[in-house]
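Coordinates from data.cif are shown below (mmCIF, C-alpha atoms).
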```cif
data_query
#
loop_
_atom_site.label_atom_id
_atom_site.label_comp_id
_atom_site.auth_asym_id
_atom_site.auth_seq_id
_atom_site.Cartn_x
_atom_site.Cartn_y
_atom_site.Cartn_z
CA MET A 1 54.46 -69.76 64.21
CA THR A 2 55.52 -68.09 60.96
CA PRO A 3 52.94 -68.24 58.12
CA ALA A 4 53.82 -70.87 55.49
CA THR A 5 54.10 -68.45 52.59
CA LEU A 6 54.70 -64.81 51.83
CA THR A 7 53.66 -63.56 48.41
CA ILE A 8 55.15 -60.42 46.91
CA ASP A 9 53.31 -58.79 44.00
CA PRO A 10 55.68 -58.11 41.07
CA GLU A 11 53.92 -54.77 40.50
CA ASP A 12 55.02 -53.65 43.99
CA VAL A 13 58.63 -54.51 43.16
CA ARG A 14 58.49 -52.67 39.81
CA ALA A 15 56.89 -49.61 41.43
CA SER A 16 59.56 -49.45 44.12
CA ALA A 17 62.32 -49.61 41.49
CA ARG A 18 61.10 -46.24 40.19
CA ASP A 19 61.34 -44.67 43.66
CA ALA A 20 64.66 -45.62 45.23
CA SER A 21 64.42 -43.02 48.01
CA ALA A 22 63.51 -45.46 50.80
CA ARG A 23 63.54 -49.16 51.61
CA PRO A 24 60.42 -50.50 49.86
CA ALA A 25 57.50 -51.91 51.85
CA TRP A 26 57.72 -55.30 50.12
CA LEU A 27 61.35 -55.64 51.23
CA GLU A 28 60.36 -54.78 54.80
CA LYS A 29 57.79 -57.62 54.67
CA VAL A 30 60.47 -60.05 53.50
CA ALA A 31 62.88 -58.96 56.24
CA GLU A 32 60.21 -59.29 58.94
CA TYR A 33 59.21 -62.72 57.63
CA VAL A 34 62.79 -64.00 57.65
CA GLN A 35 63.49 -62.56 61.11
CA ARG A 36 60.33 -64.12 62.56
CA ALA A 37 61.13 -67.51 61.04
CA ALA A 38 64.73 -67.36 62.28
CA SER A 39 63.60 -66.51 65.81
CA GLU A 40 61.40 -69.63 65.73
CA GLY A 41 64.26 -71.80 64.46
CA GLU A 42 62.74 -72.24 61.02
CA THR A 43 64.52 -72.15 57.68
CA VAL A 44 63.36 -69.95 54.83
CA THR A 45 63.45 -70.94 51.18
CA LEU A 46 62.78 -68.29 48.54
CA THR A 47 61.21 -69.45 45.31
CA ALA A 48 59.68 -67.76 42.30
CA LYS A 49 56.94 -69.03 40.06
CA GLN A 50 55.65 -67.85 36.76
CA ARG A 51 52.81 -65.40 37.12
CA MET A 52 49.66 -66.78 35.53
CA LEU A 53 46.45 -64.94 34.74
CA THR A 54 42.94 -66.26 34.31
CA PRO A 55 40.95 -65.29 31.21
CA GLU A 56 38.82 -63.14 33.55
CA GLN A 57 41.89 -61.24 34.73
CA VAL A 58 43.11 -60.66 31.16
CA ALA A 59 39.62 -59.47 30.20
CA ALA A 60 39.59 -57.00 33.11
CA LEU A 61 43.07 -55.72 32.23
CA THR A 62 42.15 -55.13 28.59
CA GLY A 63 38.54 -54.00 28.93
CA VAL A 64 36.98 -56.80 26.91
CA SER A 65 34.75 -59.70 27.91
CA ARG A 66 35.98 -63.05 29.20
CA SER A 67 34.33 -64.74 26.21
CA THR A 68 36.40 -62.56 23.85
CA ILE A 69 39.58 -63.71 25.56
CA SER A 70 38.37 -67.33 25.38
CA ARG A 71 37.75 -66.95 21.63
CA LYS A 72 41.25 -65.52 21.16
CA ILE A 73 42.71 -68.48 23.07
CA LYS A 74 40.71 -70.89 20.90
CA ALA A 75 41.86 -69.08 17.73
CA GLY A 76 45.50 -69.32 18.84
CA GLU A 77 45.98 -65.54 19.18
CA ILE A 78 46.69 -65.93 22.89
CA HIS A 79 48.62 -68.99 24.05
CA ALA A 80 47.25 -70.51 27.24
CA VAL A 81 48.19 -73.42 29.47
CA LYS A 82 45.58 -75.89 30.66
CA VAL A 83 45.49 -76.37 34.42
CA GLY A 84 42.96 -79.12 34.87
CA ASN A 85 40.14 -77.99 32.63
CA ARG A 86 40.90 -74.27 33.06
CA ASN A 87 42.99 -71.95 30.91
CA ARG A 88 45.81 -69.95 32.46
CA ILE A 89 47.72 -67.32 30.54
CA PRO A 90 51.38 -66.72 31.42
CA PHE A 91 51.92 -63.04 32.19
CA ASP A 92 54.67 -62.82 29.55
CA GLU A 93 52.22 -64.17 26.96
CA TYR A 94 49.64 -61.57 27.98
CA MET A 95 52.25 -58.82 27.56
CA ARG A 96 53.30 -60.21 24.14
CA TRP A 97 49.69 -60.30 22.95
CA TRP A 98 48.91 -56.83 24.36
CA ASP A 99 51.98 -55.29 22.70
CA GLN A 100 51.04 -56.90 19.39
CA ALA A 101 47.41 -55.77 19.68
CA MET A 102 48.45 -52.20 20.46
CA GLY A 103 50.93 -52.25 17.57
CA ASP A 104 48.11 -53.33 15.27
CA VAL A 105 45.90 -50.49 16.52
CA VAL A 106 48.69 -47.97 15.91
CA GLU A 107 49.13 -49.28 12.36
CA LEU A 108 45.39 -48.93 11.69
CA VAL A 109 45.11 -45.33 12.88
CA ARG A 110 48.57 -43.97 12.06
CA ASP A 111 47.60 -42.25 8.80
CA ASP A 112 44.39 -40.81 10.28
CA LEU A 113 46.31 -39.43 13.26
CA ARG A 114 48.93 -37.89 10.98
CA GLU A 115 46.21 -36.25 8.92
CA ASP A 116 44.43 -34.95 12.06
CA LEU A 117 47.66 -33.54 13.47
CA PHE A 118 49.38 -32.21 10.34
CA GLY A 119 46.65 -31.74 7.77
CA THR A 120 46.05 -33.54 4.49
CA ARG A 121 48.49 -36.15 3.24
#
```
Please lay out the structure from this file as structure tokens.
Amino acid sequence: MTPATLTIDPEDVRASARDASARPAWLEKVAEYVQRAASEGETVTLTAKQRMLTPEQVAALTGVSRSTISRKIKAGEIHAVKVGNRNRIPFDEYMRWWDQAMGDVVELVRDDLREDLFGTR
């Protein structure tokens, strides 16, 4: 019997888009899954769902503590969705926050970097 679900990591899809030389491994998995289901007389329905991250995952991605991410959620800097009593951060929201945070860092160090690279102002 075919497994109930097949999950494809979006990072695998993005990585394969950069190297178009061969049929990507994730696409091979999809083809095998569909062929197996068809041979067993099953139908296949493809769906997509929004990628959600836990505060722990965001902390690991950014190199800060989970409690720091929780404080940023509480302060409204990062928008999270409650799932039961747990926070989940949509991947797009994580990317928005990360881009903003990195932009802020660039603004803070821009003049110092210019001075280090090109001399006094």
### Task
Using the chain letters and residue numbers of this document, give as a ChimeraX atom specification the residues selected by the PyMOL selection byres ((chain A and resi 77-90) around 7).
/A:50-55,72-73,75-76,91-94,97
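Between atom CA of A:Val13 and atom CA of A:Tyr33 lies a distance of 16.6 Å.
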### Message
Could you list, as JSON, numbers by chain, every residue matched by the PyMOL selection byres ((chain A and resi 56) around 9) in this structure?
### Response
{"A": [53, 54, 55, 57, 58, 59, 60, 61, 65, 66, 67, 69]}
